[in-house]
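Here is protein_21.cif, consisting of mmCIF, C-alpha atoms (C1' of nucleotides):
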data_coords
#
loop_
_atom_site.label_atom_id
_atom_site.label_comp_id
_atom_site.auth_asym_id
_atom_site.auth_seq_id
_atom_site.Cartn_x
_atom_site.Cartn_y
_atom_site.Cartn_z
CA MET A 1 0.00 0.00 0.00
CA ALA A 2 2.78 2.32 0.90
CA VAL A 3 3.17 4.73 -2.00
CA ASP A 4 6.58 4.65 -3.64
CA ARG A 5 7.84 8.21 -3.90
CA GLU A 6 10.05 7.28 -6.79
CA ASP A 7 7.18 5.79 -8.78
CA VAL A 8 5.12 8.91 -8.26
CA LEU A 9 7.98 11.06 -9.46
CA ARG A 10 8.43 8.99 -12.59
CA ALA A 11 4.75 9.13 -13.41
CA ALA A 12 4.73 12.86 -12.84
CA ALA A 13 7.74 13.28 -15.09
CA GLY A 14 6.10 11.23 -17.82
CA LEU A 15 3.05 13.47 -17.80
CA LEU A 16 4.76 16.81 -17.24
CA MET A 17 7.14 16.16 -20.08
CA ARG A 18 4.15 16.31 -22.43
CA ARG A 19 2.05 18.92 -20.63
CA SER A 20 4.12 21.03 -18.30
CA ALA A 21 0.98 22.86 -17.15
CA ALA A 22 -0.77 19.69 -16.02
CA THR A 23 -2.92 19.99 -12.93
CA MET A 24 -1.93 18.43 -9.62
CA ASP A 25 -5.10 16.42 -10.05
CA GLU A 26 -3.89 15.14 -13.41
CA VAL A 27 -0.50 14.35 -11.94
CA ALA A 28 -2.13 12.38 -9.15
CA ARG A 29 -4.27 10.47 -11.63
CA ALA A 30 -1.23 9.77 -13.80
CA ALA A 31 0.49 8.34 -10.75
CA GLY A 32 -2.54 6.27 -9.87
CA ILE A 33 -3.05 7.92 -6.51
CA SER A 34 -5.42 10.50 -5.08
CA ARG A 35 -4.70 14.17 -4.89
CA ALA A 36 -4.69 13.92 -1.11
CA THR A 37 -1.96 11.33 -1.13
CA LEU A 38 0.02 13.29 -3.66
CA ASN A 39 -0.08 16.26 -1.32
CA ARG A 40 0.99 14.06 1.57
CA GLN A 41 4.07 13.05 -0.37
CA PHE A 42 4.90 16.47 -1.79
CA ALA A 43 3.77 19.58 0.02
CA GLY A 44 2.58 21.50 -3.00
CA ARG A 45 3.45 21.80 -6.63
CA GLU A 46 6.67 23.62 -5.94
CA ALA A 47 7.90 20.78 -3.74
CA LEU A 48 7.02 18.31 -6.48
CA VAL A 49 8.93 20.24 -9.11
CA ARG A 50 11.86 20.59 -6.77
CA ALA A 51 11.86 16.86 -6.15
CA LEU A 52 11.76 16.28 -9.90
CA GLU A 53 14.66 18.63 -10.26
CA ASP A 54 16.67 16.75 -7.67
CA LEU A 55 15.81 13.48 -9.36
CA GLY A 56 16.80 14.83 -12.74
CA ILE A 57 20.12 16.11 -11.47
CA ALA A 58 20.81 12.85 -9.69
CA GLU A 59 20.03 10.84 -12.81
CA CYS A 60 22.19 13.03 -15.00
CA GLU A 61 25.11 12.85 -12.62
CA ALA A 62 24.70 9.12 -12.30
CA ALA A 63 24.65 8.86 -16.09
CA ALA A 64 27.80 10.95 -16.32
CA SER A 65 29.49 8.70 -13.81
CA ARG A 66 28.41 5.50 -15.54
CA ALA A 67 29.64 6.96 -18.81
CA ALA A 68 32.99 7.77 -17.20
CA VAL A 69 33.04 11.07 -19.02
CA ASP A 70 36.57 11.79 -17.86
CA ASP A 71 38.08 8.69 -19.40
CA GLY A 72 39.35 7.99 -22.88
CA PRO A 73 38.66 9.95 -26.05
CA ALA A 74 36.18 12.75 -25.48
CA ALA A 75 34.10 11.81 -28.50
CA ASP A 76 33.59 8.31 -27.12
CA ALA A 77 32.76 9.79 -23.76
CA VAL A 78 30.05 11.92 -25.36
CA ARG A 79 28.59 8.85 -27.05
CA ARG A 80 28.54 6.93 -23.79
CA LEU A 81 27.04 9.90 -22.00
CA VAL A 82 24.17 10.34 -24.43
CA ARG A 83 23.43 6.63 -24.29
CA GLU A 84 23.29 6.75 -20.51
CA LEU A 85 21.17 9.90 -20.54
CA GLU A 86 18.44 8.44 -22.72
CA PRO A 87 16.24 7.21 -19.86
CA ALA A 88 16.38 10.66 -18.28
CA ALA A 89 15.71 12.58 -21.48
CA GLY A 90 12.00 13.04 -20.88
CA LEU A 91 12.53 14.38 -17.39
CA LEU A 92 15.29 16.58 -18.69
CA ALA A 93 12.98 17.99 -21.35
CA PHE A 94 10.49 19.04 -18.72
CA LEU A 95 13.10 20.57 -16.45
CA TYR A 96 14.79 22.38 -19.32
CA SER A 97 11.67 24.34 -20.18
CA GLU A 98 10.59 24.62 -16.56
CA ASN A 99 13.83 26.29 -15.57
CA GLN A 100 12.88 29.19 -17.81
CA LEU A 101 9.97 29.73 -15.48
CA PHE A 102 11.99 30.28 -12.36
CA GLU A 103 13.10 33.79 -11.76
CA GLY A 104 16.80 34.37 -11.80
CA ASP A 105 16.56 34.11 -8.03
CA GLU A 106 17.64 30.62 -7.31
CA GLN A 107 19.38 28.25 -9.68
CA ASN A 108 19.78 24.81 -8.18
CA GLU A 109 23.47 24.31 -7.64
CA GLY A 110 23.16 20.79 -8.96
CA TRP A 111 22.73 22.17 -12.45
CA ALA A 112 25.87 24.20 -12.05
CA ARG A 113 27.77 21.07 -11.06
CA LEU A 114 26.45 19.17 -14.05
CA ASP A 115 27.15 22.08 -16.36
CA ALA A 116 30.71 22.25 -15.13
CA ARG A 117 31.14 18.56 -15.74
CA LEU A 118 29.94 18.79 -19.32
CA VAL A 119 31.91 21.93 -20.02
CA ALA A 120 35.00 20.15 -18.73
CA LEU A 121 34.31 17.23 -21.04
CA PHE A 122 34.13 19.42 -24.12
CA ARG A 123 37.14 21.43 -23.04
CA ARG A 124 39.09 18.23 -22.57
CA GLY A 125 38.16 17.23 -26.08
CA GLN A 126 39.39 20.55 -27.39
CA GLU A 127 42.66 20.36 -25.52
CA ALA A 128 43.23 16.86 -26.81
CA GLY A 129 42.75 18.13 -30.35
CA GLU A 130 39.61 16.05 -30.85
CA PHE A 131 37.12 18.93 -30.93
CA ARG A 132 37.30 22.17 -32.84
CA ILE A 133 38.06 25.20 -30.74
CA ASP A 134 35.85 27.74 -32.52
CA LEU A 135 32.77 26.40 -30.73
CA SER A 136 32.94 27.18 -27.03
CA PRO A 137 32.48 24.42 -24.46
CA ALA A 138 29.56 26.40 -23.04
CA TRP A 139 27.81 26.39 -26.39
CA LEU A 140 28.49 22.71 -26.96
CA THR A 141 26.96 22.02 -23.55
CA GLU A 142 23.86 24.05 -24.33
CA ALA A 143 23.60 22.42 -27.73
CA LEU A 144 23.73 18.99 -26.14
CA TYR A 145 20.88 19.91 -23.82
CA GLY A 146 18.90 21.26 -26.74
CA LEU A 147 19.40 18.18 -28.84
CA LEU A 148 18.44 15.91 -25.94
CA VAL A 149 15.21 17.85 -25.47
CA SER A 150 14.44 17.99 -29.18
CA ALA A 151 15.01 14.29 -29.53
CA ALA A 152 12.84 13.48 -26.53
CA TRP A 153 9.94 15.55 -27.85
CA ALA A 154 10.31 14.38 -31.41
CA ILE A 155 10.24 10.77 -30.27
CA ASP A 156 7.26 11.43 -28.02
CA GLU A 157 5.36 12.88 -30.95
CA GLY A 158 6.35 10.04 -33.20
CA ARG A 159 8.42 12.09 -35.59
CA VAL A 160 11.60 10.11 -35.11
CA ALA A 161 12.24 6.55 -34.04
CA ARG A 162 13.16 5.88 -30.43
CA LYS A 163 15.88 3.46 -31.42
CA ASP A 164 17.76 6.28 -33.17
CA PHE A 165 17.93 8.45 -30.06
CA THR A 166 21.61 8.04 -29.30
CA THR A 167 22.97 7.99 -32.82
CA ASN A 168 20.81 10.92 -33.90
CA ILE A 169 22.18 13.09 -31.13
CA THR A 170 25.79 11.98 -31.10
CA GLU A 171 26.22 11.89 -34.85
CA LEU A 172 24.76 15.33 -35.29
CA LEU A 173 26.60 16.84 -32.34
CA LEU A 174 29.94 15.29 -33.22
CA SER A 175 29.94 15.04 -36.99
CA GLY A 176 27.17 17.28 -38.29
CA ALA A 177 24.83 16.90 -41.21
CA VAL A 178 27.33 17.36 -43.99
CA ARG A 179 28.32 14.21 -45.81
CA ARG A 180 32.01 13.41 -45.53
CA PRO A 181 34.10 11.49 -47.96
CA GLN A 182 35.22 8.41 -46.08
CA MET B 1 -2.02 57.19 -29.01
CA ALA B 2 -3.31 54.35 -31.07
CA VAL B 3 -1.66 51.21 -29.78
CA ASP B 4 0.42 49.35 -32.34
CA ARG B 5 -0.60 45.72 -32.26
CA GLU B 6 2.75 44.67 -33.65
CA ASP B 7 4.65 46.50 -30.92
CA VAL B 8 2.55 44.84 -28.26
CA LEU B 9 3.22 41.45 -29.76
CA ARG B 10 6.95 42.04 -29.84
CA ALA B 11 7.01 43.19 -26.23
CA ALA B 12 4.95 40.18 -25.23
CA ALA B 13 7.31 37.87 -27.09
CA GLY B 14 10.30 39.45 -25.40
CA LEU B 15 8.85 38.79 -21.96
CA LEU B 16 7.25 35.41 -22.60
CA MET B 17 10.49 34.09 -24.05
CA ARG B 18 12.02 34.47 -20.58
CA ARG B 19 8.98 33.66 -18.45
CA SER B 20 6.39 31.72 -20.37
CA ALA B 21 4.06 31.83 -17.36
CA ALA B 22 4.04 35.61 -17.13
CA THR B 23 0.76 37.19 -16.09
CA MET B 24 -1.38 39.17 -18.50
CA ASP B 25 -0.68 42.06 -16.18
CA GLU B 26 3.05 41.60 -16.61
CA VAL B 27 2.65 41.33 -20.36
CA ALA B 28 0.69 44.57 -20.39
CA ARG B 29 3.33 46.32 -18.30
CA ALA B 30 6.07 44.99 -20.56
CA ALA B 31 4.23 46.45 -23.52
CA GLY B 32 3.77 49.75 -21.71
CA ILE B 33 0.00 49.59 -21.80
CA SER B 34 -2.75 48.82 -19.33
CA ARG B 35 -4.31 45.44 -18.85
CA ALA B 36 -7.60 46.85 -20.13
CA THR B 37 -6.03 47.94 -23.38
CA LEU B 38 -4.26 44.64 -23.75
CA ASN B 39 -7.59 42.91 -23.45
CA ARG B 40 -9.09 45.25 -26.00
CA GLN B 41 -6.40 44.24 -28.48
CA PHE B 42 -6.42 40.53 -27.71
CA ALA B 43 -9.49 38.90 -26.31
CA GLY B 44 -7.80 36.80 -23.67
CA ARG B 45 -4.53 35.04 -23.21
CA GLU B 46 -5.36 32.38 -25.75
CA ALA B 47 -5.93 35.00 -28.44
CA LEU B 48 -2.61 36.59 -27.56
CA VAL B 49 -0.73 33.33 -27.83
CA ARG B 50 -2.47 32.57 -31.09
CA ALA B 51 -1.48 35.94 -32.46
CA LEU B 52 2.09 35.30 -31.36
CA GLU B 53 1.93 31.97 -33.11
CA ASP B 54 0.74 33.57 -36.32
CA LEU B 55 3.46 36.17 -36.04
CA GLY B 56 6.10 33.53 -35.44
CA ILE B 57 5.00 31.48 -38.39
CA ALA B 58 4.88 34.52 -40.63
CA GLU B 59 8.37 35.59 -39.57
CA CYS B 60 9.78 32.12 -40.12
CA GLU B 61 8.22 31.82 -43.53
CA ALA B 62 9.42 35.28 -44.46
CA ALA B 63 12.90 34.30 -43.29
CA ALA B 64 12.76 31.14 -45.37
CA SER B 65 11.76 33.16 -48.39
CA ARG B 66 14.44 35.78 -47.89
CA ALA B 67 16.96 32.99 -47.49
CA ALA B 68 15.75 31.41 -50.72
CA VAL B 69 16.01 27.99 -49.16
CA ASP B 70 15.26 26.29 -52.44
CA ASP B 71 18.19 27.80 -54.30
CA GLY B 72 21.81 26.78 -54.53
CA PRO B 73 23.71 24.38 -52.31
CA ALA B 74 21.61 23.20 -49.37
CA ALA B 75 24.37 23.91 -46.87
CA ASP B 76 24.50 27.53 -47.96
CA ALA B 77 20.74 27.71 -47.82
CA VAL B 78 20.84 26.49 -44.21
CA ARG B 79 23.36 29.18 -43.35
CA ARG B 80 21.24 31.88 -44.93
CA LEU B 81 18.14 30.54 -43.22
CA VAL B 82 19.66 30.58 -39.75
CA ARG B 83 20.95 34.09 -40.29
CA GLU B 84 17.50 35.26 -41.33
CA LEU B 85 15.86 33.44 -38.43
CA GLU B 86 17.95 35.11 -35.76
CA PRO B 87 15.53 38.00 -35.10
CA ALA B 88 12.71 35.50 -34.63
CA ALA B 89 14.65 33.12 -32.40
CA GLY B 90 13.29 34.47 -29.13
CA LEU B 91 9.71 34.21 -30.28
CA LEU B 92 10.44 30.78 -31.64
CA ALA B 93 11.83 29.69 -28.29
CA PHE B 94 8.61 30.66 -26.56
CA LEU B 95 6.39 28.98 -29.13
CA TYR B 96 8.49 25.85 -29.16
CA SER B 97 7.93 25.18 -25.47
CA GLU B 98 4.41 26.53 -25.54
CA ASN B 99 3.37 24.09 -28.24
CA GLN B 100 4.01 21.31 -25.76
CA LEU B 101 1.21 22.81 -23.71
CA PHE B 102 -1.47 22.48 -26.31
CA GLU B 103 -3.26 19.21 -26.42
CA GLY B 104 -2.84 17.17 -29.54
CA ASP B 105 -6.15 18.66 -30.59
CA GLU B 106 -5.18 21.42 -32.94
CA GLN B 107 -1.78 21.99 -34.48
CA ASN B 108 -1.64 25.23 -36.38
CA GLU B 109 -1.27 24.31 -40.01
CA GLY B 110 1.31 27.03 -40.43
CA TRP B 111 3.79 24.90 -38.50
CA ALA B 112 3.10 22.01 -40.79
CA ARG B 113 3.85 24.20 -43.80
CA LEU B 114 7.08 25.40 -42.26
CA ASP B 115 8.07 21.89 -41.24
CA ALA B 116 7.48 20.67 -44.76
CA ARG B 117 9.64 23.44 -46.13
CA LEU B 118 12.55 22.60 -43.84
CA VAL B 119 12.20 18.89 -44.38
CA ALA B 120 12.30 19.54 -48.12
CA LEU B 121 15.47 21.57 -47.70
CA PHE B 122 17.28 18.80 -45.87
CA ARG B 123 15.99 16.18 -48.27
CA ARG B 124 17.22 18.25 -51.18
CA GLY B 125 20.63 18.37 -49.56
CA GLN B 126 20.62 14.62 -49.18
CA GLU B 127 19.59 14.01 -52.75
CA ALA B 128 22.30 16.33 -53.95
CA GLY B 129 24.84 14.33 -51.99
CA GLU B 130 25.62 17.24 -49.70
CA PHE B 131 24.08 15.81 -46.54
CA ARG B 132 24.47 12.37 -45.07
CA ILE B 133 21.47 10.13 -45.45
CA ASP B 134 21.63 8.33 -42.12
CA LEU B 135 20.06 11.31 -40.34
CA SER B 136 16.45 11.75 -41.41
CA PRO B 137 15.23 15.12 -42.69
CA ALA B 138 12.65 15.08 -39.91
CA TRP B 139 15.35 14.76 -37.29
CA LEU B 140 17.50 17.43 -38.88
CA THR B 141 14.50 19.74 -38.80
CA GLU B 142 13.82 19.05 -35.15
CA ALA B 143 17.49 19.48 -34.35
CA LEU B 144 17.51 22.85 -36.06
CA TYR B 145 14.58 23.99 -33.95
CA GLY B 146 16.29 22.72 -30.82
CA LEU B 147 19.53 24.47 -31.60
CA LEU B 148 17.73 27.72 -32.37
CA VAL B 149 15.96 27.58 -29.02
CA SER B 150 19.07 26.58 -27.11
CA ALA B 151 21.04 29.40 -28.67
CA ALA B 152 18.31 31.95 -27.96
CA TRP B 153 18.14 30.97 -24.30
CA ALA B 154 21.88 30.68 -23.87
CA ILE B 155 22.34 34.15 -25.31
CA ASP B 156 19.55 35.54 -23.17
CA GLU B 157 21.24 34.16 -20.07
CA GLY B 158 24.60 35.45 -21.14
CA ARG B 159 26.24 32.08 -21.57
CA VAL B 160 27.19 32.60 -25.20
CA ALA B 161 27.81 35.72 -27.26
CA ARG B 162 25.01 37.03 -29.43
CA LYS B 163 27.37 37.65 -32.34
CA ASP B 164 28.05 33.92 -32.54
CA PHE B 165 24.41 32.99 -33.00
CA THR B 166 24.53 32.05 -36.65
CA THR B 167 27.93 30.40 -36.77
CA ASN B 168 27.31 28.47 -33.56
CA ILE B 169 24.17 26.93 -34.99
CA THR B 170 25.20 26.39 -38.56
CA GLU B 171 28.66 25.09 -37.79
CA LEU B 172 27.37 22.61 -35.25
CA LEU B 173 24.43 21.51 -37.36
CA LEU B 174 26.42 21.16 -40.54
CA SER B 175 29.90 20.18 -39.43
CA GLY B 176 29.66 19.01 -35.84
CA ALA B 177 32.03 19.38 -32.94
CA VAL B 178 34.75 17.07 -34.15
CA ARG B 179 37.85 18.76 -35.47
CA ARG B 180 38.56 17.99 -39.10
CA PRO B 181 41.92 17.94 -40.76
CA GLN B 182 41.75 20.69 -43.34
"C1'" DT C 1 -8.47 -10.88 15.40
"C1'" DG C 2 -7.48 -6.19 16.61
"C1'" DA C 3 -4.95 -2.00 16.46
"C1'" DA C 4 -2.25 1.18 13.88
"C1'" DT C 5 -1.43 3.24 9.66
"C1'" DA C 6 -2.21 4.74 4.92
"C1'" DT C 7 -5.28 5.77 1.30
"C1'" DG C 8 -9.39 7.57 -1.36
"C1'" DA C 9 -13.19 10.45 -2.04
"C1'" DG C 10 -15.09 14.50 -1.39
"C1'" DA C 11 -16.15 18.93 0.85
"C1'" DC C 12 -14.28 23.32 1.85
"C1'" DA C 13 -11.97 27.81 2.00
"C1'" DT C 14 -8.30 30.31 -0.22
"C1'" DC C 15 -5.81 32.42 -3.68
"C1'" DA C 16 -4.30 34.13 -8.03
"C1'" DA C 17 -5.34 35.12 -12.65
"C1'" DT C 18 -8.70 36.44 -15.72
"C1'" DG C 19 -12.20 39.08 -18.14
"C1'" DT C 20 -15.49 42.80 -17.80
"C1'" DC C 21 -17.06 47.10 -16.59
"C1'" DT C 22 -17.12 52.13 -15.34
"C1'" DC C 23 -15.43 56.63 -15.34
"C1'" DA C 24 -12.11 60.16 -15.62
"C1'" DA C 25 -8.29 61.78 -18.28
"C1'" DA C 26 -5.67 62.14 -22.44
"C1'" DT C 27 -5.25 62.27 -27.24
"C1'" DG C 28 -6.36 63.38 -31.97
"C1'" DA C 29 -9.30 65.03 -35.73
"C1'" DG C 30 -12.06 68.53 -37.72
"C1'" DC D 1 -11.69 75.03 -29.47
"C1'" DT D 2 -14.92 71.00 -29.50
"C1'" DC D 3 -16.16 66.55 -30.02
"C1'" DA D 4 -15.18 61.76 -30.73
"C1'" DT D 5 -12.16 58.16 -29.63
"C1'" DT D 6 -8.85 55.78 -26.91
"C1'" DT D 7 -6.52 54.83 -22.88
"C1'" DG D 8 -5.53 54.06 -17.80
"C1'" DA D 9 -6.80 52.99 -13.26
"C1'" DG D 10 -9.40 50.54 -10.47
"C1'" DA D 11 -13.42 47.85 -8.85
"C1'" DC D 12 -15.84 43.63 -9.47
"C1'" DA D 13 -17.39 38.89 -10.18
"C1'" DT D 14 -15.83 34.56 -12.08
"C1'" DT D 15 -13.10 30.82 -12.73
"C1'" DG D 16 -9.80 27.23 -11.88
"C1'" DA D 17 -6.13 25.36 -9.23
"C1'" DT D 18 -4.51 24.60 -4.82
"C1'" DG D 19 -4.02 23.06 -0.07
"C1'" DT D 20 -6.42 21.36 3.96
"C1'" DC D 21 -9.55 18.73 6.35
"C1'" DT D 22 -12.75 14.86 7.57
"C1'" DC D 23 -14.28 10.36 7.49
"C1'" DA D 24 -14.94 5.91 5.67
"C1'" DT D 25 -12.31 2.14 3.78
"C1'" DA D 26 -8.37 -0.72 3.00
"C1'" DT D 27 -3.97 -2.52 4.17
"C1'" DT D 28 -0.33 -3.97 7.24
"C1'" DC D 29 1.55 -5.70 11.34
"C1'" DA D 30 1.51 -7.62 15.95
#
Translate the structure described by the file into structure tokens.
Amino acid sequence: MAVDREDVLRAAAGLLMRRSAATMDEVARAAGISRATLNRQFAGREALVRALEDLGIAECEAAASRAAVDDGPAADAVRRLVRELEPAAGLLAFLYSENQLFEGDEQNEGWARLDARLVALFRRGQEAGEFRIDLSPAWLTEALYGLLVSAAWAIDEGRVARKDFTTNITELLLSGAVRRPQ
Amino acid sequence: MAVDREDVLRAAAGLLMRRSAATMDEVARAAGISRATLNRQFAGREALVRALEDLGIAECEAAASRAAVDDGPAADAVRRLVRELEPAAGLLAFLYSENQLFEGDEQNEGWARLDARLVALFRRGQEAGEFRIDLSPAWLTEALYGLLVSAAWAIDEGRVARKDFTTNITELLLSGAVRRPQ
DNA sequence: TGAATATGAGACATCAATGTCTCAAATGAG
DNA sequence: CTCATTTGAGACATTGATGTCTCATATTCA
């Protein structure tokens, strides 16, 4: 009977990814619980979003660790990272647009940590001569976020195949759309 | 005295790009008019968003026409397109996340037209041998949207320089992050 | 079985945003 | 200048989401 906080968060993420303005009532229904129970678990919408944010950060950092982003060629690290991030892409898509909502007041420091980690990855690639240096690590990081979100939404709306998630993102980010002579 | 509808829309876009949940009161203040006048111009928030949508579509289509996306090498057409889209990027960023809000009920046909135009551009590049064929035109289109939005937000938050807007997007989309031997 | 705990359903007040309305003031045209 | 039109400020009712509360029911554990 005991409600699993984690399950509720995942259900909420699945719904909010599609409709970020969903009602607390809709969230509760999506999680298969009552609104009362939802409010017992999370004291208000803000608490729910904050919990989702913490979950998203935790998943991204876990993905970065599993991908061992500091090891080996940076390009391979990016590929591993995107592959590991796939399960969190939907949640990330919600949080990415939600963050625009928050005033400049308080930016969860977890995002700063994650940002720094990704920036370091791209910088490492540049210093190793793998990545071009005319695109800043900050931009490459933002672009990665953007592609993750685009891919998540496009898949959700059936415009691209789910199985192509990783290759779509990594191939575009690393190699671009232009055809290369092999 | 007569309020310029276009000016109001631009002011609204400028605010809503940052805070998509801004109040009608905030929108009015951003436009330098009263809430009453705002409501006289646009009968409700939905009408305002719809007008912004129409404006966004019109600007994108105008940009596509100015860029002559059907002429010459596809890669050059993409570069021209992104350059022409820059002034509309903020509005596009708002609409991109806002569209997630709307139920699957009604998708403005203008977006479908624009989508088709971009898809055709990427397909043309593939058929001409310019673009690789293992990334679908649909994905390339979505990726372009995502990069436009990412760049707009990153610039707005001061993480990347505004002057790099076009090159950041086109270089990443076309050539990718990997350094190429010249 | 019996007690303790958790949940669901619904009622309820609250709050914020919205849309409408009125009236005075400002603007612009003739 | 005078009149018609437009705007701003504010009051007002409405609406929808939210958070809280109660009580009956269901589940778990001793």
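Those residues of chain A that fall within 7 Å of chain C when using only C-alpha atoms (C1' of nucleotides) read Ala2, Ser34 and Thr37 of chain A.
For the pair atom CA of Arg10 of chain A and atom CA of Pro87 of chain A, the separation is 10.8 Å.
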Would you tabulate, counting all atoms listed in the file, all residues of chain A that have an atom at most 9 Å from an atom of chain D, showing the closest pair of atoms and their distance in Å to one decimal, sorted by chain then ascending number, as a Markdown table?
| residue | atom | partner | partner_atom | distance |
| --- | --- | --- | --- | --- |
| A:Met1 | CA | D:DT27 | C1' | 6.3 |
| A:Ala2 | CA | D:DT27 | C1' | 8.9 |
| A:Thr23 | CA | D:DA17 | C1' | 7.3 |
| A:Met24 | CA | D:DA17 | C1' | 8.1 |
| A:Asn39 | CA | D:DG19 | C1' | 8.0 |
| A:Ala43 | CA | D:DG19 | C1' | 8.5 |
| A:Gly44 | CA | D:DG19 | C1' | 7.4 |
| A:Arg45 | CA | D:DT18 | C1' | 8.6 |
Segment 130-140 of chain A environment, 6 Å, all atoms listed in the file, sequence neighbours closer than 5 positions dropped, as a PDB file with C-alpha atoms, in the frame of the given file:
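Output file selection.pdb follows:
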ATOM      1  CA  VAL A 119      31.910  21.930 -20.020  1.00  0.00           C
ATOM      2  CA  PHE A 122      34.130  19.420 -24.120  1.00  0.00           C
ATOM      3  CA  ARG A 123      37.140  21.430 -23.040  1.00  0.00           C
ATOM      4  CA  GLY A 125      38.160  17.230 -26.080  1.00  0.00           C
TER       5      GLY A 125
ATOM      6  CA  ALA B 177      32.030  19.380 -32.940  1.00  0.00           C
ATOM      7  CA  VAL B 178      34.750  17.070 -34.150  1.00  0.00           C
ATOM      8  CA  ARG B 179      37.850  18.760 -35.470  1.00  0.00           C
TER       9      ARG B 179
END
Here is a test: counting only C-alpha atoms, which residue of A:Ser97, A:Gln107, A:Thr166, A:Thr141 is nearest to chain B? A:Ser97
When the PyMOL selection byres ((chain B) within 9 of (chain A)) is applied to the structure above, which residues does it catch, written out as a PyMOL selection string? chain B and resi 17-22+75+97+100-103+125-126+129-136+138-140+142-151+153-154+159-160+167-169+171-180
Quick one: pull the distance between atom CA of Arg117 of chain B and atom CA of Arg66 of chain B, Å, one decimal. 13.4 Å
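Counting from atom CA of Ala120 of chain A, the distance to atom CA of Leu55 of chain A is 22.4 Å.
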